[in-house]
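K.L.:
Data file protein23.txt (compact mmCIF, C-alpha atoms) is appended below.
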```txt
# COMPACT_ATOMS: atom_id res chain seq x y z
CA MET A 1482 -49.93 -33.18 106.17
CA ALA A 1483 -53.08 -33.94 104.22
CA SER A 1484 -54.78 -37.28 104.41
CA GLU A 1485 -53.70 -39.91 101.88
CA ASN A 1486 -57.23 -41.28 101.72
CA LYS A 1487 -58.82 -41.37 98.24
CA SER A 1488 -61.97 -43.24 99.24
CA GLY A 1489 -63.81 -40.14 100.38
CA SER A 1490 -64.52 -41.50 103.89
CA GLY A 1491 -63.78 -38.31 105.78
CA ARG A 1492 -62.86 -34.94 104.29
CA HIS A 1493 -59.13 -34.50 103.80
CA THR A 1494 -57.23 -31.31 103.10
CA VAL A 1495 -54.73 -30.68 100.31
CA ARG A 1496 -52.33 -27.84 101.04
CA ILE A 1497 -50.74 -26.19 98.01
CA GLY A 1498 -48.01 -23.59 97.94
CA VAL A 1499 -47.64 -21.50 94.77
CA PHE A 1500 -43.99 -20.49 95.04
CA ILE A 1501 -43.07 -17.19 93.37
CA PRO A 1502 -39.80 -15.87 94.88
CA THR A 1503 -39.29 -13.27 92.13
CA ASP A 1504 -41.99 -13.00 89.43
CA CYS A 1505 -43.85 -15.34 87.10
CA GLN A 1506 -46.00 -15.83 83.99
CA VAL A 1507 -49.74 -15.38 84.57
CA LEU A 1508 -50.60 -18.41 82.42
CA ASP A 1509 -48.30 -20.61 84.48
CA ALA A 1510 -49.73 -19.49 87.81
CA ALA A 1511 -53.32 -19.89 86.59
CA SER A 1512 -52.98 -23.66 86.24
CA VAL A 1513 -53.22 -24.04 90.03
CA ASP A 1514 -56.91 -23.18 89.66
CA ILE A 1515 -57.54 -26.65 88.22
CA MET A 1516 -56.70 -28.08 91.63
CA GLY A 1517 -58.72 -25.33 93.28
CA THR A 1518 -61.72 -26.31 91.15
CA MET A 1519 -61.46 -29.87 92.51
CA SER A 1520 -62.10 -28.63 96.05
CA TYR A 1521 -65.22 -29.30 98.08
CA GLU A 1522 -65.82 -25.57 98.27
CA CYS A 1523 -65.74 -25.12 94.50
CA THR A 1524 -67.65 -28.33 93.70
CA TYR A 1525 -70.49 -27.34 96.01
CA LYS A 1526 -70.43 -23.76 94.71
CA HIS A 1527 -70.83 -24.96 91.10
CA ALA A 1528 -73.74 -27.12 92.19
CA GLN A 1529 -75.34 -24.09 93.85
CA ILE A 1530 -74.96 -22.02 90.68
CA HIS A 1531 -76.80 -24.65 88.64
CA TYR A 1532 -79.39 -25.00 91.39
CA ARG A 1533 -80.08 -21.23 91.46
CA PHE A 1534 -80.47 -21.26 87.69
CA LEU A 1535 -82.92 -24.14 87.99
CA ARG A 1536 -84.81 -22.38 90.80
CA SER A 1537 -85.20 -19.26 88.66
CA HIS A 1538 -86.63 -21.20 85.71
CA VAL A 1539 -88.66 -23.98 87.36
CA SER A 1540 -91.46 -23.66 89.91
CA PHE A 1541 -91.38 -26.10 92.82
CA THR A 1542 -94.65 -26.87 94.60
CA SER A 1543 -92.79 -27.94 97.75
CA SER A 1544 -89.28 -28.32 99.05
CA PRO A 1545 -87.79 -31.80 99.50
CA PRO A 1546 -87.33 -33.14 103.05
CA GLY A 1547 -83.60 -32.41 102.86
CA GLY A 1548 -84.17 -28.78 101.89
CA ASP A 1549 -82.01 -26.89 99.43
CA PHE A 1550 -79.02 -29.21 99.91
CA GLU A 1551 -81.07 -32.12 98.60
CA LEU A 1552 -81.94 -30.11 95.50
CA VAL A 1553 -78.29 -29.16 95.03
CA SER A 1554 -77.35 -32.82 95.38
CA ALA A 1555 -79.84 -33.73 92.67
CA ILE A 1556 -77.77 -31.63 90.25
CA VAL A 1557 -74.31 -32.68 91.47
CA PRO A 1558 -74.70 -35.99 93.35
CA LYS A 1559 -73.95 -35.84 97.07
CA ALA A 1560 -71.45 -38.66 96.62
CA VAL A 1561 -69.42 -36.42 94.31
CA ILE A 1562 -69.59 -33.43 96.64
CA ASP A 1563 -68.61 -35.58 99.62
CA LEU A 1564 -65.67 -37.05 97.74
CA ALA A 1565 -64.05 -33.68 97.02
CA PRO A 1566 -61.19 -32.62 99.31
CA GLU A 1567 -60.68 -29.26 100.92
CA VAL A 1568 -57.98 -27.37 99.04
CA LYS A 1569 -55.98 -24.65 100.73
CA ILE A 1570 -53.79 -22.52 98.44
CA HIS A 1571 -50.96 -20.30 99.68
CA TYR A 1572 -49.20 -17.75 97.47
CA ILE A 1573 -45.64 -17.75 98.74
CA GLY A 1574 -43.06 -15.12 97.90
CA SER A 1575 -39.91 -13.46 99.15
CA VAL A 1576 -41.98 -10.38 100.03
CA LYS A 1577 -43.93 -9.82 103.21
CA THR A 1578 -47.47 -11.12 103.64
CA GLY A 1579 -49.91 -8.80 101.88
CA GLU A 1580 -47.28 -7.29 99.59
CA PRO A 1581 -47.61 -7.64 95.79
CA ILE A 1582 -45.79 -10.20 93.68
CA LYS A 1583 -45.26 -9.12 90.09
CA LEU A 1584 -46.70 -11.22 87.28
CA THR A 1585 -46.71 -10.72 83.52
CA ALA A 1586 -49.54 -8.89 81.68
CA ASN A 1587 -49.30 -6.06 84.23
CA GLU A 1588 -50.80 -8.34 86.88
CA THR A 1589 -49.89 -8.65 90.55
CA ILE A 1590 -50.90 -11.05 93.26
CA LEU A 1591 -50.73 -10.47 97.00
CA ALA A 1592 -48.50 -12.83 98.94
CA THR A 1593 -50.36 -14.82 101.58
CA ASN A 1594 -47.04 -15.93 103.06
CA HIS A 1595 -43.32 -15.24 103.08
CA PHE A 1596 -41.50 -18.53 102.56
CA SER A 1597 -40.07 -18.34 106.09
CA ASP A 1598 -43.55 -18.38 107.68
CA PRO A 1599 -44.15 -21.43 109.92
CA GLU A 1600 -47.50 -21.99 108.18
CA VAL A 1601 -45.69 -22.99 104.95
CA ALA A 1602 -42.63 -24.65 106.49
CA PRO A 1603 -41.52 -28.07 105.18
CA GLY A 1604 -44.01 -30.63 106.40
CA LYS A 1605 -46.95 -28.20 106.23
CA LEU A 1606 -47.60 -28.44 102.48
CA ASP A 1607 -48.43 -31.28 100.12
CA ILE A 1608 -47.73 -29.67 96.75
CA ILE A 1609 -45.34 -26.93 95.65
CA HIS A 1610 -46.55 -25.37 92.39
CA ILE A 1611 -43.81 -23.35 90.65
CA PRO A 1612 -44.99 -21.04 87.83
CA GLY A 1613 -42.28 -19.92 85.44
CA PRO A 1614 -40.20 -16.89 86.47
CA ASP A 1615 -37.94 -14.73 84.33
CA PRO A 1616 -35.13 -17.25 83.69
CA PHE A 1617 -32.52 -14.49 83.54
CA ARG A 1618 -33.14 -13.32 87.10
CA SER A 1619 -31.25 -14.62 90.12
CA PHE A 1620 -33.11 -16.25 93.00
CA PRO A 1621 -32.59 -15.59 96.73
CA ALA A 1622 -30.33 -18.24 98.29
CA ASP A 1623 -32.65 -18.74 101.27
CA ALA A 1624 -35.62 -19.23 98.92
CA LEU A 1625 -33.69 -21.94 97.08
CA ALA A 1626 -32.85 -23.60 100.39
CA TRP A 1627 -36.57 -23.56 101.31
CA LEU A 1628 -37.51 -25.21 98.01
CA ARG A 1629 -34.73 -27.80 98.39
CA GLU A 1630 -35.99 -28.72 101.86
CA GLN A 1631 -39.59 -28.93 100.63
CA ALA A 1632 -38.54 -31.30 97.84
CA SER A 1633 -36.75 -33.59 100.30
CA THR A 1634 -39.76 -33.76 102.64
CA PRO A 1635 -41.57 -37.12 102.31
CA GLY A 1636 -44.97 -36.80 100.65
CA VAL A 1637 -44.32 -33.42 99.02
CA ASP A 1638 -44.69 -33.15 95.23
CA ILE A 1639 -43.04 -30.43 93.13
CA LEU A 1640 -44.87 -29.18 90.01
CA SER A 1641 -42.60 -27.07 87.80
CA VAL A 1642 -44.23 -25.15 84.96
CA CYS A 1643 -42.24 -23.78 82.01
CA SER A 1644 -39.23 -21.76 83.20
CA GLY A 1645 -39.89 -22.92 86.76
CA ILE A 1646 -37.33 -25.53 85.73
CA PHE A 1647 -34.58 -22.92 86.22
CA LEU A 1648 -35.69 -22.35 89.80
CA CYS A 1649 -35.70 -26.10 90.37
CA GLY A 1650 -32.30 -26.41 88.75
CA GLU A 1651 -30.78 -23.67 90.92
CA ALA A 1652 -32.17 -25.46 93.99
CA GLY A 1653 -30.46 -28.70 92.89
CA LEU A 1654 -33.66 -30.61 92.18
CA LEU A 1655 -32.73 -31.72 88.65
CA LYS A 1656 -29.58 -33.64 89.52
CA GLY A 1657 -29.84 -37.19 88.18
CA ARG A 1658 -33.43 -36.71 87.02
CA LYS A 1659 -35.37 -36.55 83.78
CA ALA A 1660 -36.99 -33.18 83.18
CA CYS A 1661 -38.78 -31.06 80.58
CA GLY A 1662 -38.54 -27.29 80.61
CA PRO A 1663 -39.39 -24.90 77.76
CA ARG A 1664 -39.12 -26.50 74.35
CA GLY A 1665 -37.09 -23.65 72.91
CA MET A 1666 -34.72 -23.45 75.89
CA GLN A 1667 -33.32 -26.98 76.06
CA ASP A 1668 -29.78 -25.91 75.16
CA MET A 1669 -29.96 -23.05 77.65
CA ILE A 1670 -30.95 -25.45 80.43
CA LYS A 1671 -28.16 -27.87 79.52
CA ALA A 1672 -25.63 -25.03 79.56
CA LYS A 1673 -26.55 -24.28 83.18
CA GLY A 1674 -25.03 -27.60 84.27
CA TYR A 1675 -27.83 -28.62 86.62
CA GLY A 1676 -26.80 -32.27 86.32
CA GLU A 1677 -30.09 -33.57 84.94
CA LYS A 1678 -30.13 -37.16 83.70
CA GLU A 1679 -32.00 -36.26 80.51
CA LEU A 1680 -33.88 -33.28 79.11
CA LEU A 1681 -37.05 -34.24 77.24
CA GLY A 1682 -38.79 -30.91 76.73
CA HIS A 1683 -38.31 -31.26 72.97
CA LYS A 1684 -40.44 -34.40 72.98
CA TYR A 1685 -42.89 -34.27 75.88
CA ARG A 1686 -45.34 -31.71 77.25
CA TRP A 1687 -44.62 -32.96 80.76
CA ILE A 1688 -42.72 -35.69 82.54
CA GLN A 1689 -42.53 -37.14 86.03
CA ASP A 1690 -39.41 -38.34 87.81
CA GLY A 1691 -40.09 -39.23 91.43
CA ASN A 1692 -41.79 -36.33 93.19
CA LEU A 1693 -40.74 -33.86 90.48
CA TRP A 1694 -43.23 -33.11 87.72
CA SER A 1695 -42.00 -30.69 85.07
CA ARG A 1696 -43.82 -29.02 82.21
CA GLY A 1697 -42.44 -27.71 78.94
CA VAL A 1698 -43.75 -24.49 77.44
CA THR A 1699 -46.06 -21.99 79.17
CA ASN A 1700 -49.47 -23.33 80.22
CA GLY A 1701 -49.34 -25.88 83.03
CA ASN A 1702 -52.84 -27.23 82.44
CA ASP A 1703 -51.64 -30.48 80.86
CA LEU A 1704 -49.18 -31.06 83.70
CA VAL A 1705 -51.69 -30.34 86.47
CA ALA A 1706 -54.35 -32.56 84.88
CA ALA A 1707 -51.85 -35.43 84.52
CA TYR A 1708 -50.62 -34.93 88.07
CA CYS A 1709 -54.12 -34.94 89.54
CA ARG A 1710 -54.95 -38.17 87.71
CA ALA A 1711 -51.93 -39.83 89.30
CA SER A 1712 -52.10 -38.14 92.70
CA LYS A 1713 -53.28 -39.67 95.96
CA HIS A 1714 -54.83 -36.32 96.88
CA PHE A 1715 -57.60 -36.09 94.28
CA PRO A 1716 -60.23 -38.84 93.84
CA ASP A 1717 -60.49 -40.08 90.27
CA PRO A 1718 -64.18 -39.16 89.68
CA ILE A 1719 -63.55 -35.58 90.85
CA VAL A 1720 -60.53 -35.29 88.55
CA GLU A 1721 -62.41 -36.49 85.50
CA ILE A 1722 -65.48 -34.32 86.19
CA VAL A 1723 -63.35 -31.20 86.61
CA CYS A 1724 -61.16 -31.95 83.57
CA GLU A 1725 -64.30 -32.27 81.47
CA MET A 1726 -65.81 -29.15 82.99
CA VAL A 1727 -62.78 -26.91 82.38
CA ASP A 1728 -61.79 -28.67 79.14
CA VAL A 1729 -58.24 -29.73 79.99
CA GLY A 1730 -56.23 -32.94 80.10
CA ASP A 1731 -57.09 -34.33 76.68
CA ARG A 1732 -53.83 -33.53 74.88
CA PRO A 1733 -51.28 -36.35 74.66
CA GLN A 1734 -48.04 -36.23 76.62
CA GLU A 1735 -45.92 -36.42 73.46
CA TYR A 1736 -45.88 -33.58 70.96
CA ALA A 1737 -47.28 -34.39 67.52
CA LYS A 1738 -44.88 -31.90 65.95
CA GLY A 1739 -41.20 -32.86 66.11
CA GLN A 1740 -38.44 -30.53 67.27
CA SER A 1741 -37.23 -29.85 63.70
CA ALA A 1742 -40.73 -28.79 62.64
CA PHE A 1743 -41.03 -26.65 65.77
CA ILE A 1744 -37.76 -24.83 65.03
CA PHE A 1745 -38.64 -24.40 61.36
CA GLY A 1746 -41.98 -22.85 62.33
CA MET A 1747 -40.26 -20.39 64.67
CA VAL A 1748 -37.70 -19.39 62.03
CA TYR A 1749 -40.34 -19.11 59.32
CA ASN A 1750 -42.51 -16.80 61.40
CA ALA A 1751 -39.51 -14.72 62.44
CA PHE A 1752 -38.73 -14.24 58.73
CA ARG A 1753 -42.37 -13.31 58.05
CA ALA A 1754 -42.18 -10.74 60.84
CA TRP A 1755 -39.02 -9.26 59.32
CA LEU A 1756 -40.75 -8.89 55.94
CA MET A 1757 -43.94 -7.57 57.48
CA LYS A 1758 -42.31 -4.79 59.47
CA PHE A 1759 -41.85 -2.68 56.34
CA SER A 1760 -45.50 -2.82 55.24
CA TRP A 1761 -46.65 -2.58 58.88
CA ARG A 1762 -44.78 0.67 59.39
CA ARG A 1763 -46.41 2.15 56.31
CA LYS A 1764 -49.85 1.17 57.63
CA GLN A 1765 -49.14 2.90 60.94
CA ARG A 1766 -48.38 6.25 59.27
```
Hey, can you dump this file as structure tokens for me?
P.N.:
Amino acid sequence: MASENKSGSGRHTVRIGVFIPTDCQVLDAASVDIMGTMSYECTYKHAQIHYRFLRSHVSFTSSPPGGDFELVSAIVPKAVIDLAPEVKIHYIGSVKTGEPIKLTANETILATNHFSDPEVAPGKLDIIHIPGPDPFRSFPADALAWLREQASTPGVDILSVCSGIFLCGEAGLLKGRKACGPRGMQDMIKAKGYGEKELLGHKYRWIQDGNLWSRGVTNGNDLVAAYCRASKHFPDPIVEIVCEMVDVGDRPQEYAKGQSAFIFGMVYNAFRAWLMKFSWRRKQR
């Protein structure tokens, strides 16, 4: 398991498993990159990019005693670089290692691991990131058992994005807990009978209950930013620098627009689409 140290005295490693047993939404999966951007590797790489830009525009008469690293550290302080953890990300599917996992937008991603691989067994990962799959698909029973065991492993956090809530529900992770899930699918989730204590996706963008963090509609950026701010794995200065850099984490947890206004907006635009189809067809001729 990764170190629980947040002081930065000694590099620690955060191991993340992006769990996609069937398929998923590209936007949901992409939110893992916020945690990837908080890594030592990425922090130092960004510093190097700025350093190379500076090198190409400014003439230096001599190099500092510490060489190029000292110049890099002048752009991103060494204390910041040293504080960043190593982040190892695994893309885990029900396909063999190296085989494609289907995503939306005609995208695919190659599996780094099958969920049965010892490298991603319970106790080997710190975070399970679950991007939203097609909620109408069934999930392999052994994949659900793997997720259930991960969730019961001390120190493991589960991040469910959008329709990932259905995967969590099928694995029994919602029983007796508060959860979000897609704002427009609250009744559908309730009808599944997962035994959740309360569904709050109509009110909140994300919510935490124990080691389960769940996000409402597609786009897990708000959830991941909130999780990183609360997590033992990511030092606070690194979190805030990265959130500023990638422009996430500033939206409030609670929606400004109520559920009635949300539903009205959906119905209104559906009606507009119905009216528009007649003129749109004429334009296409």
K.L.:
To one decimal place in Å, what is the distance between CA of Phe1752 in chain A and CA of Lys1671 in chain A?
P.N.:
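Pair CA of Phe1752 in chain A / CA of Lys1671 in chain A returns 27.0 Å.
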K.L.:
Can you work out which one of A:Glu1679, A:Asp1504, A:Asp1728, A:Asp1607 has the shortest atom-to-atom distance to Gly1574 in chain A, counting all atoms listed in the file?
P.N.:
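Smallest distance to Gly1574 in chain A is found for A:Asp1504.
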K.L.:
Interatomic distance between CA of Gly1682 in chain A and CA of His1714 in chain A?
P.N.:
26.3 Å
K.L.:
Could you tell me which of A:Pro1502, A:Gly1691, A:Gly1697, A:Gly1657 comes closest to Val1576 in chain A if we count all atoms listed in the file?
P.N.:
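Nearest to Val1576 in chain A: A:Pro1502.
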K.L.:
Which of these, A:Val1513, A:Cys1649, A:Ala1672, A:Asp1638, has the shortest distance to Ala1624 in chain A once you count all atoms listed in the file?
P.N.:
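Of A:Val1513, A:Cys1649, A:Ala1672, A:Asp1638, the one nearest Ala1624 in chain A, counting all atoms listed in the file, is A:Cys1649.
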K.L.:
Around the point (-53.8, -30.5, 99.5) (coordinates from the file), which residues reach within 7 Å if we count all atoms listed in the file? Answer as a list in words.
P.N.:
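Using all atoms listed in the file, the matching residues come out as Ala1483, Thr1494, Val1495, Arg1496, Ile1497, Val1568, Lys1569, Asp1607, Ile1608 and His1714 of chain A.
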K.L.:
Just to be explicit: take each residue in the selection above, keep C-alpha atoms, and write the result as a PDB file, keeping the file's coordinate frame.
P.N.:
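Full text of again.pdb as output:
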```pdb
ATOM      1  CA  ALA A1483     -53.080 -33.940 104.220  1.00  0.00           C
ATOM      2  CA  THR A1494     -57.230 -31.310 103.100  1.00  0.00           C
ATOM      3  CA  VAL A1495     -54.730 -30.680 100.310  1.00  0.00           C
ATOM      4  CA  ARG A1496     -52.330 -27.840 101.040  1.00  0.00           C
ATOM      5  CA  ILE A1497     -50.740 -26.190  98.010  1.00  0.00           C
ATOM      6  CA  VAL A1568     -57.980 -27.370  99.040  1.00  0.00           C
ATOM      7  CA  LYS A1569     -55.980 -24.650 100.730  1.00  0.00           C
ATOM      8  CA  ASP A1607     -48.430 -31.280 100.120  1.00  0.00           C
ATOM      9  CA  ILE A1608     -47.730 -29.670  96.750  1.00  0.00           C
ATOM     10  CA  HIS A1714     -54.830 -36.320  96.880  1.00  0.00           C
TER      11      HIS A1714
END
```
K.L.:
CA of Gly1517 in chain A to CA of Pro1566 in chain A: how many Å, to one decimal?
P.N.:
9.8 Å
K.L.:
As a list of chain:residue names, please: the residues near Ser1633 in chain A (cut-off 12 Å, all atoms listed in the file, same-chain neighbours under 4 positions excluded).
P.N.:
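Residues meeting the cut-off are A:Pro1603, A:Gly1604, A:Asp1607, A:Ile1609, A:Ala1626, A:Trp1627, A:Leu1628, A:Arg1629, A:Val1637, A:Asp1638, A:Ile1639, A:Ala1652, A:Gly1653, A:Leu1654, A:Gly1691, A:Asn1692, A:Leu1693.
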K.L.:
As a PDB file, in the coordinates of the input, could you write out range 1714-1725 of chain A once it has been completed with all heavy atoms?
P.N.:
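As written to disk, out-v1.pdb reads:
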```pdb
ATOM      1  N   HIS A1714     -54.059 -37.385  96.237  1.00  0.00           N
ATOM      2  CA  HIS A1714     -54.830 -36.320  96.880  1.00  0.00           C
ATOM      3  C   HIS A1714     -56.196 -36.068  96.255  1.00  0.00           C
ATOM      4  O   HIS A1714     -57.075 -35.513  96.915  1.00  0.00           O
ATOM      5  CB  HIS A1714     -54.046 -35.014  96.871  1.00  0.00           C
ATOM      6  CG  HIS A1714     -52.771 -35.072  97.650  1.00  0.00           C
ATOM      7  ND1 HIS A1714     -52.738 -35.382  98.994  1.00  0.00           N
ATOM      8  CD2 HIS A1714     -51.484 -34.876  97.275  1.00  0.00           C
ATOM      9  CE1 HIS A1714     -51.489 -35.359  99.417  1.00  0.00           C
ATOM     10  NE2 HIS A1714     -50.719 -35.060  98.401  1.00  0.00           N
ATOM     11  N   PHE A1715     -56.367 -36.443  94.983  1.00  0.00           N
ATOM     12  CA  PHE A1715     -57.600 -36.090  94.280  1.00  0.00           C
ATOM     13  C   PHE A1715     -58.301 -37.358  93.776  1.00  0.00           C
ATOM     14  O   PHE A1715     -57.756 -38.078  92.939  1.00  0.00           O
ATOM     15  CB  PHE A1715     -57.295 -35.156  93.103  1.00  0.00           C
ATOM     16  CG  PHE A1715     -56.655 -33.866  93.535  1.00  0.00           C
ATOM     17  CD1 PHE A1715     -55.280 -33.706  93.476  1.00  0.00           C
ATOM     18  CD2 PHE A1715     -57.431 -32.816  94.010  1.00  0.00           C
ATOM     19  CE1 PHE A1715     -54.671 -32.521  93.884  1.00  0.00           C
ATOM     20  CE2 PHE A1715     -56.837 -31.625  94.419  1.00  0.00           C
ATOM     21  CZ  PHE A1715     -55.449 -31.480  94.362  1.00  0.00           C
ATOM     22  N   PRO A1716     -59.505 -37.641  94.271  1.00  0.00           N
ATOM     23  CA  PRO A1716     -60.230 -38.840  93.840  1.00  0.00           C
ATOM     24  C   PRO A1716     -60.504 -38.821  92.335  1.00  0.00           C
ATOM     25  O   PRO A1716     -60.834 -37.774  91.761  1.00  0.00           O
ATOM     26  CB  PRO A1716     -61.545 -38.748  94.634  1.00  0.00           C
ATOM     27  CG  PRO A1716     -61.209 -37.911  95.827  1.00  0.00           C
ATOM     28  CD  PRO A1716     -60.225 -36.902  95.334  1.00  0.00           C
ATOM     29  N   ASP A1717     -60.387 -39.975  91.728  1.00  0.00           N
ATOM     30  CA  ASP A1717     -60.490 -40.080  90.270  1.00  0.00           C
ATOM     31  C   ASP A1717     -61.780 -39.477  89.686  1.00  0.00           C
ATOM     32  O   ASP A1717     -61.717 -38.751  88.687  1.00  0.00           O
ATOM     33  CB  ASP A1717     -60.357 -41.541  89.831  1.00  0.00           C
ATOM     34  CG  ASP A1717     -59.009 -42.129  90.224  1.00  0.00           C
ATOM     35  OD1 ASP A1717     -58.030 -41.362  90.312  1.00  0.00           O
ATOM     36  OD2 ASP A1717     -58.932 -43.352  90.454  1.00  0.00           O
ATOM     37  N   PRO A1718     -62.960 -39.751  90.267  1.00  0.00           N
ATOM     38  CA  PRO A1718     -64.180 -39.160  89.680  1.00  0.00           C
ATOM     39  C   PRO A1718     -64.157 -37.632  89.690  1.00  0.00           C
ATOM     40  O   PRO A1718     -64.618 -36.994  88.738  1.00  0.00           O
ATOM     41  CB  PRO A1718     -65.300 -39.708  90.576  1.00  0.00           C
ATOM     42  CG  PRO A1718     -64.742 -40.956  91.169  1.00  0.00           C
ATOM     43  CD  PRO A1718     -63.288 -40.670  91.381  1.00  0.00           C
ATOM     44  N   ILE A1719     -63.639 -37.040  90.775  1.00  0.00           N
ATOM     45  CA  ILE A1719     -63.550 -35.580  90.850  1.00  0.00           C
ATOM     46  C   ILE A1719     -62.629 -35.058  89.763  1.00  0.00           C
ATOM     47  O   ILE A1719     -62.936 -34.064  89.082  1.00  0.00           O
ATOM     48  CB  ILE A1719     -63.028 -35.147  92.237  1.00  0.00           C
ATOM     49  CG1 ILE A1719     -64.022 -35.533  93.333  1.00  0.00           C
ATOM     50  CG2 ILE A1719     -62.740 -33.648  92.268  1.00  0.00           C
ATOM     51  CD1 ILE A1719     -65.326 -34.793  93.281  1.00  0.00           C
ATOM     52  N   VAL A1720     -61.497 -35.717  89.574  1.00  0.00           N
ATOM     53  CA  VAL A1720     -60.530 -35.290  88.550  1.00  0.00           C
ATOM     54  C   VAL A1720     -61.164 -35.286  87.173  1.00  0.00           C
ATOM     55  O   VAL A1720     -61.051 -34.316  86.421  1.00  0.00           O
ATOM     56  CB  VAL A1720     -59.284 -36.194  88.565  1.00  0.00           C
ATOM     57  CG1 VAL A1720     -58.346 -35.840  87.400  1.00  0.00           C
ATOM     58  CG2 VAL A1720     -58.528 -36.071  89.890  1.00  0.00           C
ATOM     59  N   GLU A1721     -61.850 -36.377  86.842  1.00  0.00           N
ATOM     60  CA  GLU A1721     -62.410 -36.490  85.500  1.00  0.00           C
ATOM     61  C   GLU A1721     -63.566 -35.504  85.290  1.00  0.00           C
ATOM     62  O   GLU A1721     -63.704 -34.925  84.201  1.00  0.00           O
ATOM     63  CB  GLU A1721     -62.878 -37.921  85.238  1.00  0.00           C
ATOM     64  CG  GLU A1721     -61.750 -38.946  85.239  1.00  0.00           C
ATOM     65  CD  GLU A1721     -60.594 -38.568  84.314  1.00  0.00           C
ATOM     66  OE1 GLU A1721     -60.828 -38.008  83.225  1.00  0.00           O
ATOM     67  OE2 GLU A1721     -59.431 -38.817  84.701  1.00  0.00           O
ATOM     68  N   ILE A1722     -64.384 -35.297  86.311  1.00  0.00           N
ATOM     69  CA  ILE A1722     -65.480 -34.320  86.190  1.00  0.00           C
ATOM     70  C   ILE A1722     -64.923 -32.927  85.949  1.00  0.00           C
ATOM     71  O   ILE A1722     -65.386 -32.191  85.069  1.00  0.00           O
ATOM     72  CB  ILE A1722     -66.367 -34.344  87.458  1.00  0.00           C
ATOM     73  CG1 ILE A1722     -67.210 -35.629  87.486  1.00  0.00           C
ATOM     74  CG2 ILE A1722     -67.275 -33.118  87.517  1.00  0.00           C
ATOM     75  CD1 ILE A1722     -67.934 -35.857  88.801  1.00  0.00           C
ATOM     76  N   VAL A1723     -63.915 -32.546  86.732  1.00  0.00           N
ATOM     77  CA  VAL A1723     -63.350 -31.200  86.610  1.00  0.00           C
ATOM     78  C   VAL A1723     -62.610 -31.031  85.280  1.00  0.00           C
ATOM     79  O   VAL A1723     -62.733 -29.994  84.616  1.00  0.00           O
ATOM     80  CB  VAL A1723     -62.421 -30.885  87.794  1.00  0.00           C
ATOM     81  CG1 VAL A1723     -61.628 -29.605  87.547  1.00  0.00           C
ATOM     82  CG2 VAL A1723     -63.237 -30.746  89.069  1.00  0.00           C
ATOM     83  N   CYS A1724     -61.872 -32.049  84.854  1.00  0.00           N
ATOM     84  CA  CYS A1724     -61.160 -31.950  83.570  1.00  0.00           C
ATOM     85  C   CYS A1724     -62.133 -31.767  82.411  1.00  0.00           C
ATOM     86  O   CYS A1724     -61.865 -31.010  81.471  1.00  0.00           O
ATOM     87  CB  CYS A1724     -60.278 -33.180  83.347  1.00  0.00           C
ATOM     88  SG  CYS A1724     -58.757 -33.177  84.320  1.00  0.00           S
ATOM     89  N   GLU A1725     -63.271 -32.455  82.493  1.00  0.00           N
ATOM     90  CA  GLU A1725     -64.300 -32.270  81.470  1.00  0.00           C
ATOM     91  C   GLU A1725     -64.912 -30.868  81.557  1.00  0.00           C
ATOM     92  O   GLU A1725     -65.140 -30.207  80.547  1.00  0.00           O
ATOM     93  CB  GLU A1725     -65.408 -33.320  81.639  1.00  0.00           C
ATOM     94  CG  GLU A1725     -65.043 -34.709  81.146  1.00  0.00           C
ATOM     95  CD  GLU A1725     -64.952 -34.796  79.637  1.00  0.00           C
ATOM     96  OE1 GLU A1725     -65.596 -33.982  78.943  1.00  0.00           O
ATOM     97  OE2 GLU A1725     -64.232 -35.681  79.131  1.00  0.00           O
TER      98      GLU A1725
END
```
